[in-house]
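Q: My structure is stored as entry_33.tsv, with TSV, C-alpha atoms.
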```tsv
chain	number	residue	atom	x	y	z
M	1284	MET	CA	-17.86	4.90	-3.23
M	1285	LEU	CA	-18.11	4.22	0.46
M	1286	SER	CA	-20.70	6.28	2.23
M	1287	ASP	CA	-20.97	7.44	5.80
M	1288	VAL	CA	-23.27	4.44	6.38
M	1289	ARG	CA	-20.32	2.06	6.72
M	1290	GLU	CA	-18.36	4.47	8.86
M	1291	ASN	CA	-21.34	5.07	11.15
M	1292	TYR	CA	-21.99	1.33	11.40
M	1293	TYR	CA	-18.49	0.62	12.72
M	1294	HIS	CA	-18.29	3.61	15.02
M	1295	GLU	CA	-21.72	2.92	16.54
M	1296	GLY	CA	-20.84	-0.76	16.88
M	1297	ILE	CA	-17.66	-0.16	18.84
M	1298	ARG	CA	-19.39	2.33	21.13
M	1299	GLU	CA	-22.19	-0.16	21.85
M	1300	THR	CA	-20.31	-3.44	22.15
M	1301	GLY	CA	-16.71	-2.46	22.89
M	1302	PRO	CA	-17.14	-1.54	26.57
M	1303	LYS	CA	-18.29	-5.06	27.47
M	1304	TYR	CA	-14.82	-6.46	26.66
M	1305	ALA	CA	-11.86	-6.27	29.04
M	1306	GLY	CA	-9.15	-3.88	27.93
M	1307	PHE	CA	-11.42	-1.94	25.57
M	1308	ASP	CA	-10.22	1.55	24.75
M	1309	LEU	CA	-12.56	3.71	22.67
M	1310	ALA	CA	-9.82	6.04	21.38
M	1311	THR	CA	-7.75	3.07	20.16
M	1312	ALA	CA	-10.79	1.45	18.53
M	1313	GLU	CA	-11.80	4.73	16.83
M	1314	THR	CA	-8.24	5.23	15.59
M	1315	THR	CA	-7.79	1.74	14.15
M	1316	ILE	CA	-11.19	1.80	12.46
M	1317	GLY	CA	-10.48	5.29	11.14
M	1318	LEU	CA	-7.16	4.17	9.69
M	1319	SER	CA	-8.76	1.11	8.08
M	1320	LEU	CA	-11.66	3.06	6.59
M	1321	THR	CA	-9.32	5.78	5.29
M	1322	TYR	CA	-6.96	3.23	3.72
M	1323	ASP	CA	-9.86	1.39	2.11
M	1324	LEU	CA	-11.40	4.58	0.72
M	1325	LEU	CA	-8.07	5.78	-0.68
M	1326	GLN	CA	-7.46	2.37	-2.27
M	1327	GLN	CA	-10.89	2.40	-3.91
M	1328	CYS	CA	-10.34	5.89	-5.34
M	1329	GLN	CA	-6.88	5.05	-6.64
M	1330	ALA	CA	-8.05	1.76	-8.13
M	1331	ARG	CA	-10.73	3.58	-10.13
M	1332	TYR	CA	-8.40	5.98	-11.91
M	1333	MET	CA	-5.63	3.40	-12.27
M	1334	LEU	CA	-8.13	1.15	-14.05
M	1335	GLU	CA	-8.21	3.72	-16.86
M	1336	PHE	CA	-4.51	2.97	-17.36
M	1337	GLY	CA	-4.99	-0.80	-17.12
M	1338	LEU	CA	-2.73	-1.33	-14.12
M	1339	SER	CA	-3.13	-2.08	-10.45
M	1340	LYS	CA	-1.44	-0.10	-7.69
M	1341	SER	CA	1.02	-2.97	-7.18
M	1342	ALA	CA	1.95	-2.94	-10.88
M	1343	VAL	CA	2.50	0.83	-10.80
M	1344	ASN	CA	4.63	0.43	-7.67
M	1345	ILE	CA	6.78	-2.14	-9.46
M	1346	LEU	CA	7.34	0.25	-12.36
M	1347	LEU	CA	8.26	3.06	-9.99
M	1348	ALA	CA	10.67	0.80	-8.10
M	1349	LEU	CA	12.29	-0.31	-11.35
M	1350	GLN	CA	12.50	3.29	-12.56
M	1351	ARG	CA	14.36	4.27	-9.38
M	1352	GLY	CA	16.39	1.06	-9.26
M	1353	PRO	CA	19.68	0.14	-10.88
M	1354	ALA	CA	19.96	0.18	-14.68
M	1355	GLU	CA	20.48	-3.61	-14.80
M	1356	GLY	CA	17.11	-4.09	-13.13
M	1357	MET	CA	16.07	-5.66	-9.85
M	1358	LEU	CA	15.83	-9.26	-8.76
M	1359	LEU	CA	12.22	-10.43	-8.58
M	1360	HIS	CA	12.85	-11.61	-5.03
M	1361	ASP	CA	14.04	-8.13	-4.02
M	1362	LEU	CA	11.03	-6.51	-5.68
M	1363	GLY	CA	8.74	-8.88	-3.81
M	1364	GLU	CA	10.29	-7.95	-0.48
M	1365	LEU	CA	10.27	-4.25	-1.23
M	1366	LEU	CA	6.62	-4.20	-2.27
M	1367	LEU	CA	5.34	-6.61	0.36
M	1368	VAL	CA	3.70	-8.98	-2.09
M	1369	SER	CA	4.02	-12.74	-2.18
M	1370	ARG	CA	6.39	-14.50	-4.55
M	1371	ALA	CA	3.42	-15.80	-6.53
M	1372	ASN	CA	1.99	-12.30	-6.80
M	1373	ILE	CA	5.26	-10.75	-7.98
M	1374	THR	CA	5.51	-13.37	-10.72
M	1375	GLY	CA	1.96	-12.68	-11.89
M	1376	LEU	CA	2.49	-8.92	-11.77
M	1377	ILE	CA	5.73	-9.19	-13.74
M	1378	ASP	CA	3.99	-11.48	-16.26
M	1379	HIS	CA	1.27	-8.85	-16.74
M	1380	LEU	CA	3.79	-6.01	-17.08
M	1381	GLU	CA	5.84	-8.07	-19.52
M	1382	GLU	CA	2.74	-8.75	-21.64
M	1383	LYS	CA	2.09	-5.00	-21.78
M	1384	GLY	CA	5.70	-4.38	-22.83
M	1385	TYR	CA	6.57	-2.48	-19.65
M	1386	VAL	CA	9.10	-4.95	-18.24
M	1387	THR	CA	11.65	-7.39	-19.58
M	1388	ARG	CA	13.04	-10.33	-17.65
M	1389	VAL	CA	16.77	-10.97	-17.69
M	1390	VAL	CA	18.58	-14.03	-16.30
M	1391	ASP	CA	21.09	-13.28	-13.57
M	1392	GLU	CA	24.47	-14.24	-15.06
M	1393	SER	CA	25.97	-14.94	-11.62
M	1394	ASP	CA	23.05	-17.15	-10.52
M	1395	ARG	CA	21.03	-18.74	-13.30
M	1396	ARG	CA	18.08	-19.25	-10.92
M	1397	GLY	CA	17.76	-15.49	-10.37
M	1398	ARG	CA	15.67	-13.29	-12.63
M	1399	PHE	CA	15.94	-9.55	-13.01
M	1400	ALA	CA	13.07	-7.33	-14.06
M	1401	ARG	CA	14.06	-4.32	-16.11
M	1402	ILE	CA	11.86	-1.34	-16.99
M	1403	THR	CA	11.33	-0.62	-20.69
M	1404	VAL	CA	11.21	2.63	-22.64
M	1405	LYS	CA	7.47	2.02	-23.10
M	1406	ALA	CA	7.02	1.89	-19.31
M	1407	GLU	CA	9.02	5.10	-18.90
M	1408	ALA	CA	6.64	6.78	-21.38
M	1409	PHE	CA	3.67	5.34	-19.48
M	1410	LEU	CA	4.95	6.82	-16.21
M	1411	GLU	CA	5.40	10.21	-17.89
M	1412	GLU	CA	1.68	10.10	-18.75
M	1413	PHE	CA	0.46	8.47	-15.54
M	1414	MET	CA	2.34	10.34	-12.81
M	1415	PRO	CA	0.84	13.79	-13.50
M	1416	VAL	CA	-2.64	12.22	-13.31
M	1417	HIS	CA	-1.70	10.41	-10.09
M	1418	ASN	CA	-0.20	13.53	-8.53
M	1419	TYR	CA	-3.20	15.67	-9.51
M	1420	THR	CA	-5.62	13.09	-8.11
M	1421	CYS	CA	-3.76	12.83	-4.80
M	1422	VAL	CA	-3.69	16.63	-4.46
M	1423	GLU	CA	-7.43	16.80	-5.15
M	1424	LEU	CA	-8.25	13.99	-2.71
M	1425	LEU	CA	-6.42	15.81	0.10
M	1426	ARG	CA	-7.52	19.34	-0.89
M	1427	GLY	CA	-9.51	19.58	2.35
M	1428	LEU	CA	-6.28	19.63	4.38
M	1429	SER	CA	-3.83	22.51	4.67
M	1430	SER	CA	-0.12	21.93	4.08
M	1431	VAL	CA	0.44	22.15	7.82
M	1432	GLU	CA	-2.27	19.55	8.46
M	1433	LYS	CA	-0.82	17.24	5.79
M	1434	ASN	CA	2.61	17.48	7.42
M	1435	GLU	CA	1.12	16.86	10.87
M	1436	LEU	CA	-0.85	13.87	9.57
M	1437	ALA	CA	2.23	12.43	7.84
M	1438	ALA	CA	4.18	12.78	11.10
M	1439	LEU	CA	1.38	11.13	13.09
M	1440	LEU	CA	1.17	8.26	10.59
M	1441	ARG	CA	4.94	7.71	10.89
M	1442	LYS	CA	4.49	7.61	14.66
M	1443	VAL	CA	1.67	5.06	14.25
M	1444	ARG	CA	3.88	2.87	12.02
M	1445	ASP	CA	6.74	3.13	14.53
M	1446	SER	CA	4.39	2.10	17.35
M	1447	ILE	CA	3.04	-0.84	15.36
M	1448	ARG	CA	6.57	-2.03	14.51
M	1449	ALA	CA	7.68	-1.66	18.12
M	1450	HIS	CA	4.76	-3.71	19.43
M	1451	ALA	CA	4.12	-6.11	16.55
M	1452	GLU	CA	4.96	-9.12	18.73
M	1453	VAL	CA	1.41	-8.98	20.13
M	1454	CYS	CA	0.24	-10.15	16.72
M	1455	GLU	CA	2.35	-13.30	17.03
M	1456	ARG	CA	0.70	-14.44	20.26
M	1457	PRO	CA	-2.72	-12.80	20.39
M	1458	SER	CA	-4.13	-15.06	23.11
M	1459	ALA	CA	-1.21	-14.25	25.42
M	1460	ALA	CA	-1.51	-10.56	24.59
M	1461	LYS	CA	-5.18	-10.41	25.52
M	1462	ARG	CA	-4.36	-11.87	28.94
M	1463	GLY	CA	-1.62	-9.29	29.44
M	1464	GLN	CA	1.19	-11.87	29.50
```
Could you show the structure in this file as structure tokens?

A:
Amino acid sequence: MLSDVRENYYHEGIRETGPKYAGFDLATAETTIGLSLTYDLLQQCQARYMLEFGLSKSAVNILLALQRGPAEGMLLHDLGELLLVSRANITGLIDHLEEKGYVTRVVDESDRRGRFARITVKAEAFLEEFMPVHNYTCVELLRGLSSVEKNELAALLRKVRDSIRAHAEVCERPSAAKRGQ
């Protein structure tokens, strides 16, 4: 598990070196590093208990999407867009889920090139076993926050995502962005 050593390293580093760069803002740097460290720590924790079930977070997300999706299944392309994974990754994930008996592939009758993924009864049973463990683990991981704090944090994270989406063009032209153009 990550220790405070890594967190301290990054926070000390930005305090020491950040001010020498034009446009540096300590609050922004602290926030982005905090978000990254929190995401990474959460991913590590989730990966550990998901390993017991033999699936990655992306594979579980596919099963949940298929469970909520239409009975005929979902096009692999649509799953890939929904889950933000590459086309190659979605194929590999579906292959793995198919090997485990959690997904079946079906040819799209209207477009022979299209492939649907459909959740199986075995996968439904898996989710019935997995989701209580997942829910319990998430509750335990965030036990240090009150319900009010969780709601406030969720609202702040939505606001962060909205801000990132609204200003994402700076990622397309980083050299122009740093010059304020």

Q: Go ahead and compute the interatomic distance for CA of Asn1372 (chain M) and CA of Arg1398 (chain M), in Å to one decimal.

A: 14.9 Å

Q: Of the candidates M:Ala1400, M:Val1389, M:Gln1326, M:Thr1315, which one gets nearest to His1360 (chain M) if we count all atoms listed in the file?

A: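 Closest to His1360 (chain M) of all the choices is M:Ala1400.
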
Q: What does the distance from CA of Glu1435 (chain M) to CA of Glu1423 (chain M) come to in Å, to one decimal?

A: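 Those two atoms sit 18.2 Å apart.
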
Q: Mind giving me the straight-line distance from CA of Ile1316 (chain M) to CA of Tyr1293 (chain M) in Å, one decimal?

A: 7.4 Å

Q: Which residues are close to Ile1373 (chain M), i.e. within 12 Å by only C-alpha atoms, leaving aside same-chain residues fewer than 6 positions away? Reply as a PyMOL selection string.

A: chain M and resi 1341-1342+1344-1345+1358-1367+1379-1381+1398-1400

Q: With all atoms listed in the file as the atoms that count, which of M:Leu1410, M:Leu1309, M:Ala1437, M:Ile1447 lies nearest to Arg1351 (chain M)?

A: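 Of the candidates, the smallest distance to Arg1351 (chain M) is held by M:Leu1410.
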
Q: Please enclose the listed atoms of region 1340-1349 of chain M in an axis-aligned box, pad each side by 5 Å, and write out the centre and the three edge lengths in Å, rounded to one decimal, as JSON.

A:
```
{"center_x": 5.4, "center_y": 0.0, "center_z": -9.8, "size_x": 23.7, "size_y": 16.0, "size_z": 15.2}
```

Q: Which one is closest to Tyr1419 (chain M): M:Ile1377, M:Gln1329, M:Ala1312, M:Ala1305? Count only C-alpha atoms.

A: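 Selected residue with least distance to Tyr1419 (chain M): M:Gln1329.
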
Q: For a cut-off of 12 Å around (-14.9, 2.6, 6.0), file coordinates, pick out all residues using only C-alpha atoms and list them as JSON, numbers by chain.

A: {"M": [1284, 1285, 1286, 1287, 1288, 1289, 1290, 1291, 1292, 1293, 1294, 1313, 1314, 1315, 1316, 1317, 1318, 1319, 1320, 1321, 1322, 1323, 1324, 1325, 1326, 1327]}
